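target.csv follows (CSV, C-alpha atoms):
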chain,number,residue,atom,x,y,z
A,13,MET,CA,51.8,-26.4,0.8
A,14,ARG,CA,50.0,-29.7,0.2
A,15,ASN,CA,51.3,-31.4,-2.9
A,16,ASP,CA,48.6,-33.6,-4.6
A,17,SER,CA,51.3,-34.4,-7.2
A,18,ALA,CA,49.4,-37.2,-9.1
A,19,SER,CA,46.3,-35.2,-9.6
A,20,LEU,CA,48.1,-31.9,-10.1
A,21,SER,CA,50.3,-33.2,-12.9
A,22,ARG,CA,47.2,-34.2,-14.8
A,23,TRP,CA,46.1,-30.6,-15.0
A,24,ASN,CA,49.6,-29.3,-16.0
A,25,GLU,CA,49.5,-31.3,-19.2
A,26,PRO,CA,48.1,-29.6,-22.4
A,27,GLN,CA,44.3,-30.0,-22.4
A,28,ALA,CA,42.5,-30.7,-25.7
A,29,ILE,CA,39.4,-28.7,-24.6
A,30,GLU,CA,37.8,-26.1,-26.9
A,31,PRO,CA,37.1,-22.9,-24.9
A,32,ASN,CA,33.4,-22.6,-24.2
A,33,PRO,CA,32.3,-19.0,-23.5
A,34,ASP,CA,29.4,-20.0,-21.2
A,35,LEU,CA,31.6,-22.4,-19.2
A,36,ARG,CA,34.4,-19.8,-19.0
A,37,GLU,CA,31.9,-17.2,-17.6
A,38,LEU,CA,30.7,-19.8,-15.1
A,39,ALA,CA,34.2,-20.6,-14.1
A,40,HIS,CA,34.8,-16.9,-13.2
A,41,SER,CA,32.1,-17.3,-10.5
A,42,ALA,CA,33.5,-20.5,-9.0
A,43,VAL,CA,33.5,-20.9,-5.2
A,44,PHE,CA,36.0,-23.3,-3.6
A,45,GLU,CA,34.4,-25.2,-0.7
A,46,VAL,CA,36.8,-26.0,2.2
A,47,ILE,CA,36.3,-28.1,5.3
A,48,PRO,CA,37.5,-26.8,8.7
A,49,LEU,CA,39.8,-29.8,9.4
A,50,ASN,CA,43.4,-29.8,10.6
A,51,SER,CA,44.5,-30.0,7.0
A,52,ALA,CA,42.7,-26.9,5.9
A,53,HIS,CA,45.2,-24.3,7.0
A,54,GLU,CA,47.9,-26.0,4.8
A,55,ALA,CA,45.5,-26.6,2.0
A,56,ILE,CA,44.3,-23.0,1.6
A,57,ASP,CA,47.9,-22.0,0.8
A,58,ALA,CA,47.0,-23.3,-2.8
A,59,LEU,CA,44.1,-20.9,-3.3
A,60,PRO,CA,44.5,-18.4,-6.0
A,61,PRO,CA,44.7,-14.8,-4.7
A,62,GLY,CA,41.3,-13.3,-4.0
A,63,SER,CA,39.4,-16.5,-4.3
A,64,ARG,CA,35.7,-17.0,-3.5
A,65,VAL,CA,35.7,-19.6,-0.7
A,66,SER,CA,32.9,-21.4,1.1
A,67,VAL,CA,33.6,-22.9,4.6
A,68,THR,CA,31.4,-25.8,5.7
A,69,ALA,CA,29.9,-26.3,9.1
A,70,SER,CA,29.5,-29.7,10.8
A,71,ALA,CA,28.3,-31.2,14.0
A,72,ALA,CA,31.7,-32.8,14.5
A,73,LYS,CA,33.6,-29.5,14.4
A,74,GLY,CA,31.0,-27.1,15.5
A,75,GLN,CA,30.0,-23.6,14.2
A,76,ASP,CA,33.0,-21.9,15.8
A,77,ALA,CA,35.5,-23.9,13.7
A,78,THR,CA,33.8,-22.5,10.6
A,79,LEU,CA,34.0,-18.9,11.8
A,80,GLU,CA,37.7,-19.3,12.8
A,81,LEU,CA,38.7,-20.6,9.4
A,82,ALA,CA,36.5,-17.9,7.7
A,83,GLN,CA,38.4,-15.2,9.6
A,84,GLU,CA,41.7,-16.7,8.6
A,85,LEU,CA,40.6,-16.7,4.9
A,86,LEU,CA,39.5,-13.1,5.2
A,87,ARG,CA,42.9,-12.1,6.6
A,88,ARG,CA,44.4,-13.7,3.5
A,89,GLY,CA,42.3,-11.5,1.3
A,90,HIS,CA,39.7,-14.1,0.1
A,91,ARG,CA,36.0,-13.5,-0.4
A,92,VAL,CA,34.4,-15.8,2.2
A,93,THR,CA,30.9,-17.4,2.5
A,94,PRO,CA,30.7,-19.2,5.8
A,95,HIS,CA,28.0,-21.9,6.3
A,96,PHE,CA,25.6,-21.2,9.1
A,97,SER,CA,24.1,-24.5,10.4
A,98,ALA,CA,20.6,-24.1,12.0
A,99,ARG,CA,20.9,-27.2,14.2
A,100,LEU,CA,24.2,-26.0,15.7
A,101,MET,CA,22.4,-22.9,17.1
A,102,ARG,CA,21.8,-23.2,20.9
A,103,ASP,CA,19.1,-20.5,21.2
A,104,ARG,CA,18.1,-17.0,20.0
A,105,GLY,CA,21.0,-15.5,21.8
A,106,HIS,CA,23.4,-17.6,19.8
A,107,VAL,CA,21.8,-16.4,16.6
A,108,LYS,CA,22.1,-12.8,17.7
A,109,ASP,CA,25.8,-13.4,18.4
A,110,LEU,CA,26.3,-15.0,15.0
A,111,ALA,CA,24.6,-12.0,13.3
A,112,GLY,CA,27.0,-9.7,15.3
A,113,TRP,CA,30.0,-11.7,14.2
A,114,ALA,CA,29.0,-11.4,10.5
A,115,LYS,CA,28.5,-7.6,10.9
A,116,ASP,CA,31.8,-7.1,12.8
A,117,THR,CA,33.9,-9.1,10.4
A,118,GLY,CA,32.4,-7.6,7.3
A,119,VAL,CA,31.1,-10.9,5.9
A,120,THR,CA,28.4,-10.1,3.4
A,121,SER,CA,27.5,-13.6,2.2
A,122,ALA,CA,26.5,-16.7,4.0
A,123,PHE,CA,25.2,-20.1,3.1
A,124,VAL,CA,22.4,-21.5,5.4
A,125,ILE,CA,21.8,-25.2,5.9
A,126,GLY,CA,19.7,-27.2,8.3
A,127,GLY,CA,22.8,-29.2,9.3
A,128,ASP,CA,23.3,-32.8,10.5
A,129,ALA,CA,23.5,-32.4,14.3
A,130,ALA,CA,21.7,-35.4,15.8
A,131,GLU,CA,20.7,-33.4,18.8
A,132,PRO,CA,19.8,-29.9,17.6
A,133,GLY,CA,19.4,-26.8,19.8
A,134,ALA,CA,16.5,-24.4,19.3
A,135,TYR,CA,16.3,-24.9,15.5
A,136,HIS,CA,15.5,-28.0,13.6
A,137,ASP,CA,15.5,-26.5,10.1
A,138,ALA,CA,17.1,-23.7,8.1
A,139,HIS,CA,13.8,-21.7,7.6
A,140,SER,CA,13.1,-21.1,11.3
A,141,PHE,CA,16.7,-20.2,11.9
A,142,MET,CA,16.7,-17.7,8.9
A,143,GLN,CA,13.6,-16.0,10.3
A,144,ASP,CA,15.3,-15.2,13.6
A,145,LEU,CA,18.7,-14.3,11.9
A,146,PHE,CA,17.0,-11.8,9.6
A,147,GLU,CA,15.6,-9.9,12.6
A,148,HIS,CA,19.1,-8.8,13.6
A,149,ASP,CA,21.6,-6.4,12.0
A,150,HIS,CA,23.7,-9.0,10.3
A,151,GLY,CA,25.3,-7.0,7.5
A,152,LEU,CA,24.6,-9.7,4.9
A,153,ASP,CA,23.4,-8.9,1.4
A,154,THR,CA,23.5,-12.4,-0.1
A,155,VAL,CA,22.3,-15.7,1.4
A,156,GLY,CA,22.4,-19.1,-0.2
A,157,VAL,CA,20.3,-22.2,0.6
A,158,ALA,CA,20.6,-25.8,-0.3
A,159,ALA,CA,19.0,-27.6,-3.2
A,160,TYR,CA,18.8,-31.4,-3.9
A,161,PRO,CA,18.4,-32.5,-7.5
A,162,ASP,CA,19.2,-36.0,-6.3
A,163,GLY,CA,16.8,-35.9,-3.3
A,164,HIS,CA,17.6,-36.0,0.4
A,165,PRO,CA,17.9,-39.2,2.4
A,166,LEU,CA,16.0,-37.7,5.4
A,167,ILE,CA,13.5,-35.3,3.7
A,168,ALA,CA,10.5,-36.4,1.6
A,169,GLU,CA,10.4,-34.8,-1.9
A,170,ASP,CA,7.2,-32.8,-1.2
A,171,ALA,CA,8.6,-31.4,2.1
A,172,ARG,CA,11.9,-30.6,0.4
A,173,ARG,CA,10.2,-28.6,-2.3
A,174,ARG,CA,8.0,-26.7,0.1
A,175,ALA,CA,11.0,-25.8,2.2
A,176,LEU,CA,13.0,-24.5,-0.8
A,177,PHE,CA,10.1,-22.3,-1.9
A,178,ALA,CA,9.5,-21.1,1.6
A,179,LYS,CA,13.1,-20.0,1.9
A,180,GLN,CA,12.9,-18.3,-1.5
A,181,GLU,CA,9.9,-16.3,-0.2
A,182,LEU,CA,11.7,-15.4,3.1
A,183,LEU,CA,14.7,-14.1,1.2
A,184,ALA,CA,12.5,-11.9,-0.9
A,185,GLU,CA,10.7,-10.5,2.1
A,186,ALA,CA,14.0,-9.7,3.8
A,187,GLY,CA,15.2,-7.9,0.6
A,188,LEU,CA,18.3,-10.1,0.3
A,189,ARG,CA,19.9,-11.5,-2.8
A,190,GLY,CA,19.5,-15.3,-2.7
A,191,TYR,CA,20.6,-18.3,-4.6
A,192,CYS,CA,20.4,-22.1,-4.2
A,193,SER,CA,23.4,-24.3,-4.4
A,194,THR,CA,23.0,-27.9,-5.5
A,195,GLN,CA,24.3,-31.1,-3.9
A,196,MET,CA,26.9,-33.1,-5.7
A,197,CYS,CA,25.3,-35.1,-8.5
A,198,PHE,CA,27.0,-36.9,-11.4
A,199,ASP,CA,24.0,-37.2,-13.7
A,200,PRO,CA,23.5,-34.2,-16.0
A,201,ALA,CA,20.1,-35.4,-17.3
A,202,ARG,CA,18.8,-35.6,-13.7
A,203,ILE,CA,20.1,-32.1,-12.9
A,204,ILE,CA,18.4,-30.7,-16.0
A,205,ALA,CA,15.1,-32.5,-15.4
A,206,TRP,CA,15.0,-31.4,-11.7
A,207,LEU,CA,15.8,-27.8,-12.5
A,208,LYS,CA,13.3,-27.5,-15.4
A,209,ALA,CA,10.6,-28.9,-13.1
A,210,GLU,CA,11.5,-26.5,-10.3
A,211,ARG,CA,11.5,-23.5,-12.7
A,212,ASN,CA,8.1,-24.5,-14.0
A,213,ASN,CA,6.9,-24.7,-10.4
A,214,GLY,CA,8.1,-21.1,-9.7
A,215,LEU,CA,11.7,-21.3,-8.6
A,216,THR,CA,13.3,-18.0,-9.4
A,217,LEU,CA,16.5,-18.2,-7.4
A,218,PRO,CA,19.7,-18.4,-9.5
A,219,VAL,CA,21.4,-21.7,-9.2
A,220,HIS,CA,25.0,-22.5,-8.2
A,221,LEU,CA,25.9,-25.8,-9.6
A,222,GLY,CA,27.6,-28.1,-7.1
A,223,ILE,CA,30.4,-30.3,-8.6
A,224,PRO,CA,33.3,-32.2,-7.2
A,225,GLY,CA,36.7,-30.8,-8.0
A,226,ALA,CA,39.8,-32.5,-9.3
A,227,VAL,CA,39.7,-34.9,-6.3
A,228,GLU,CA,41.6,-38.1,-6.0
A,229,ARG,CA,39.4,-41.0,-7.2
A,230,THR,CA,39.7,-42.9,-3.9
A,231,LYS,CA,38.6,-39.9,-1.8
A,232,LEU,CA,35.8,-39.0,-4.2
A,233,LEU,CA,34.4,-42.6,-4.3
A,234,THR,CA,34.7,-42.9,-0.5
A,235,ILE,CA,33.1,-39.6,0.4
A,236,GLY,CA,30.7,-39.7,-2.6
A,237,ALA,CA,29.4,-43.1,-1.3
A,238,ARG,CA,28.7,-41.4,2.0
A,239,LEU,CA,27.2,-38.2,0.7
A,240,GLY,CA,25.6,-39.3,-2.6
A,241,VAL,CA,22.1,-40.6,-2.5
A,242,GLY,CA,19.5,-42.2,-4.7
A,243,GLN,CA,19.6,-41.7,-8.4
A,244,SER,CA,23.2,-40.4,-8.5
A,245,LEU,CA,24.6,-43.7,-7.1
A,246,ARG,CA,22.4,-45.7,-9.5
A,247,TYR,CA,23.6,-43.5,-12.3
A,248,LEU,CA,27.2,-44.4,-11.5
A,249,ARG,CA,26.4,-48.1,-11.3
A,250,LYS,CA,24.8,-48.0,-14.7
A,251,ASN,CA,27.2,-45.7,-16.5
A,252,ARG,CA,30.2,-47.9,-16.9
A,253,ARG,CA,32.1,-45.3,-18.9
A,254,THR,CA,31.9,-42.8,-16.0
A,255,VAL,CA,33.0,-45.4,-13.5
A,256,ALA,CA,35.9,-46.6,-15.7
A,257,LYS,CA,37.1,-43.0,-16.0
A,258,LEU,CA,36.9,-42.6,-12.2
A,259,LEU,CA,38.9,-45.7,-11.7
A,260,GLY,CA,41.3,-45.2,-14.5
A,261,ALA,CA,42.5,-41.7,-13.6
A,262,SER,CA,44.3,-40.4,-10.6
A,263,ALA,CA,41.8,-37.6,-10.2
A,264,HIS,CA,38.2,-36.9,-11.2
A,265,ASP,CA,37.7,-34.6,-14.2
A,266,PRO,CA,34.7,-32.3,-13.7
A,267,SER,CA,34.9,-31.0,-17.2
A,268,GLU,CA,32.7,-33.6,-18.8
A,269,LEU,CA,29.7,-32.9,-16.5
A,270,LEU,CA,30.1,-29.2,-17.2
A,271,GLU,CA,30.2,-29.8,-21.0
A,272,ALA,CA,27.0,-31.9,-20.8
A,273,LEU,CA,25.2,-29.0,-19.0
A,274,SER,CA,26.7,-26.2,-21.0
A,275,SER,CA,23.8,-25.7,-23.4
A,276,GLN,CA,21.4,-25.3,-20.4
A,277,LEU,CA,23.4,-22.8,-18.3
A,278,ALA,CA,21.6,-19.7,-19.6
A,279,PRO,CA,18.1,-21.2,-20.2
A,280,LEU,CA,18.0,-22.5,-16.6
A,281,ASP,CA,19.7,-19.5,-15.0
A,282,ILE,CA,22.7,-21.4,-13.7
A,283,LYS,CA,24.8,-18.5,-12.5
A,284,GLY,CA,27.5,-20.0,-10.3
A,285,LEU,CA,29.8,-22.9,-9.7
A,286,HIS,CA,30.3,-24.4,-6.2
A,287,VAL,CA,33.3,-26.7,-6.2
A,288,PHE,CA,33.6,-29.4,-3.6
A,289,THR,CA,37.4,-29.6,-3.1
A,290,PHE,CA,37.5,-32.0,0.0
A,291,ASN,CA,40.5,-29.8,0.8
A,292,GLN,CA,42.4,-31.0,-2.3
A,293,ILE,CA,42.7,-27.5,-3.4
A,294,GLU,CA,46.0,-27.5,-5.3
A,295,ALA,CA,44.8,-29.9,-8.0
A,296,THR,CA,41.3,-28.4,-8.1
A,297,ALA,CA,42.8,-24.9,-8.5
A,298,ALA,CA,44.9,-26.1,-11.4
A,299,TRP,CA,41.9,-27.7,-13.1
A,300,HIS,CA,40.0,-24.4,-12.6
A,301,HIS,CA,42.9,-22.5,-14.2
A,302,ALA,CA,42.7,-24.7,-17.2
A,303,LEU,CA,38.9,-24.2,-17.5
A,304,LEU,CA,39.4,-20.4,-17.3
A,305,HIS,CA,42.1,-20.3,-19.9
A,306,GLY,CA,41.3,-23.2,-22.2
The structure in this file should be written as structure tokens.
Amino acid sequence: MRNDSASLSRWNEPQAIEPNPDLRELAHSAVFEVIPLNSAHEAIDALPPGSRVSVTASAAKGQDATLELAQELLRRGHRVTPHFSARLMRDRGHVKDLAGWAKDTGVTSAFVIGGDAAEPGAYHDAHSFMQDLFEHDHGLDTVGVAAYPDGHPLIAEDARRRALFAKQELLAEAGLRGYCSTQMCFDPARIIAWLKAERNNGLTLPVHLGIPGAVERTKLLTIGARLGVGQSLRYLRKNRRTVAKLLGASAHDPSELLEALSSQLAPLDIKGLHVFTFNQIEATAAWHHALLHG
């Protein structure tokens, strides 16, 4: 088992955190995101029994790597949500095969993204892929889509909003339960402002809040610099207290962001927690245990 000892020990110490019923309820819905790298099979040993787990898909590893890790997690008794990447689909036949895989393995939840493949196959975006996927007997009852409170480096804001609402409509037409899961963002005020605006514009999908787990500071800053965009990076530059805490601790503490958002969980229909572990599962699972049990 992977031993992230520095970050794990932080969560084994007594925590001076008052239990928050809304946060505790949100914690029960937490999904641990894992990446299908060579380290993943060792890292998932640290998952609590029967965990909810999301498995990413990337151009570097391909869709098959996601499905293989998803099957391993299913064999271990976890509840799995594989990512389906539109730009990794070769053609309609590939989509039919993917639907058959989901049906045969008993997966009932999937998360659909456009993906980052530089040279896509038949699909350039998540919406067109979803249209074809839903024509097949896929066995899914719940499908998640991506949301970007911090914007997207390659998609204009108006286009991003239209795409989100088009996917919401498509999910309703297909009779599927849907949700949108947010990108990693450190600024609670921005998350609240974005979601209030989207709710006012007609977004009805429940939201799963994307947060980094108890990740080593060096990994978080390195990966966050690559994945984070726009306002979130500017927020970190301006908020010296947050940066000081990141630099002064062995692991990032997600609790402060959650506390800042706690009063808005019910009003804004934030129903789930999507935890980016970057495969540092042991420390993140210990933090999650502390959140559940105060």
*Could you pull the residues within 7 Å of Val67 in chain A, counting all atoms listed in the file, minus those fewer than 2 positions along the same chain, as a PyMOL selection string?*
chain A and resi 45-48+65+69+78+82+93-95
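The space between CA of Gly127 in chain A and CA of Ser97 in chain A spans 5.0 Å.
The space separating CA of Asn291 in chain A from CA of Leu303 in chain A comes to 19.2 Å.
The closest residue to Ile282 in chain A, picked from A:Gly151, A:Gly74, A:Pro33, A:Pro218 and counting only C-alpha atoms, is A:Pro218.
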*asked:* Taking (36.9, -13.6, -5.3) as a centre in this file's frame and 7 Å as the limit, can you find every polymer residue with an atom that close, using all atoms listed in the file, and give them as number ranges by chain?
replied: A: 62-64, 90-91
_Residues near Trp206 in chain A, cut-off 10 Å, all atoms listed in the file, skip fewer than 6 positions along chain, as a VMD selection string_ = chain A and resid 160 to 163 200
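The closest residue to Arg104 in chain A, picked from A:Ile204, A:Leu304, A:Met142, A:Leu86 and counting all atoms listed in the file, is A:Met142.
Contact shell of His286 in chain A at 7 Å (all atoms listed in the file; same-chain neighbours under 2 positions omitted): Ala42, Val43, Phe44, Glu45, His220, Leu221, Gly222, Ile223, Gly284 and Phe288 of chain A.
Put simply, CA of His300 in chain A is 9.1 Å away from CA of His40 in chain A.
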Written record: range 165-201 of chain A, C-alpha atoms, as a compact mmCIF listing (two decimals), in the first residue's frame:
# COMPACT_ATOMS: atom_id res chain seq x y z
CA PRO A 165 -9.05 27.79 -21.54
CA LEU A 166 -10.31 26.52 -24.91
CA ILE A 167 -14.04 27.29 -24.77
CA ALA A 168 -15.59 30.77 -24.78
CA GLU A 169 -17.95 31.49 -21.89
CA ASP A 170 -21.11 31.76 -24.02
CA ALA A 171 -20.31 28.52 -25.84
CA ARG A 172 -19.57 26.78 -22.55
CA ARG A 173 -22.91 27.86 -21.09
CA ARG A 174 -24.85 26.79 -24.19
CA ALA A 175 -23.14 23.40 -24.13
CA LEU A 176 -24.01 22.81 -20.46
CA PHE A 177 -27.68 23.64 -21.00
CA ALA A 178 -27.84 21.55 -24.18
CA LYS A 179 -26.51 18.54 -22.24
CA GLN A 180 -29.03 19.20 -19.47
CA GLU A 181 -31.83 19.08 -22.05
CA LEU A 182 -30.43 15.94 -23.66
CA LEU A 183 -30.28 14.13 -20.31
CA ALA A 184 -33.91 15.06 -19.61
CA GLU A 185 -35.00 13.80 -23.03
CA ALA A 186 -33.19 10.50 -22.42
CA GLY A 187 -34.91 10.08 -19.05
CA LEU A 188 -31.60 9.84 -17.20
CA ARG A 189 -30.57 11.26 -13.86
CA GLY A 190 -27.92 13.86 -14.48
CA TYR A 191 -25.55 16.06 -12.55
CA CYS A 192 -22.73 18.46 -13.30
CA SER A 193 -19.36 18.18 -11.58
CA THR A 194 -17.19 21.25 -11.24
CA GLN A 195 -13.55 21.73 -12.06
CA MET A 196 -11.04 22.32 -9.27
CA CYS A 197 -11.42 25.88 -8.00
CA PHE A 198 -10.00 27.43 -4.81
CA ASP A 199 -12.17 30.56 -4.69
CA PRO A 200 -15.45 29.99 -2.78
CA ALA A 201 -16.87 33.39 -3.77
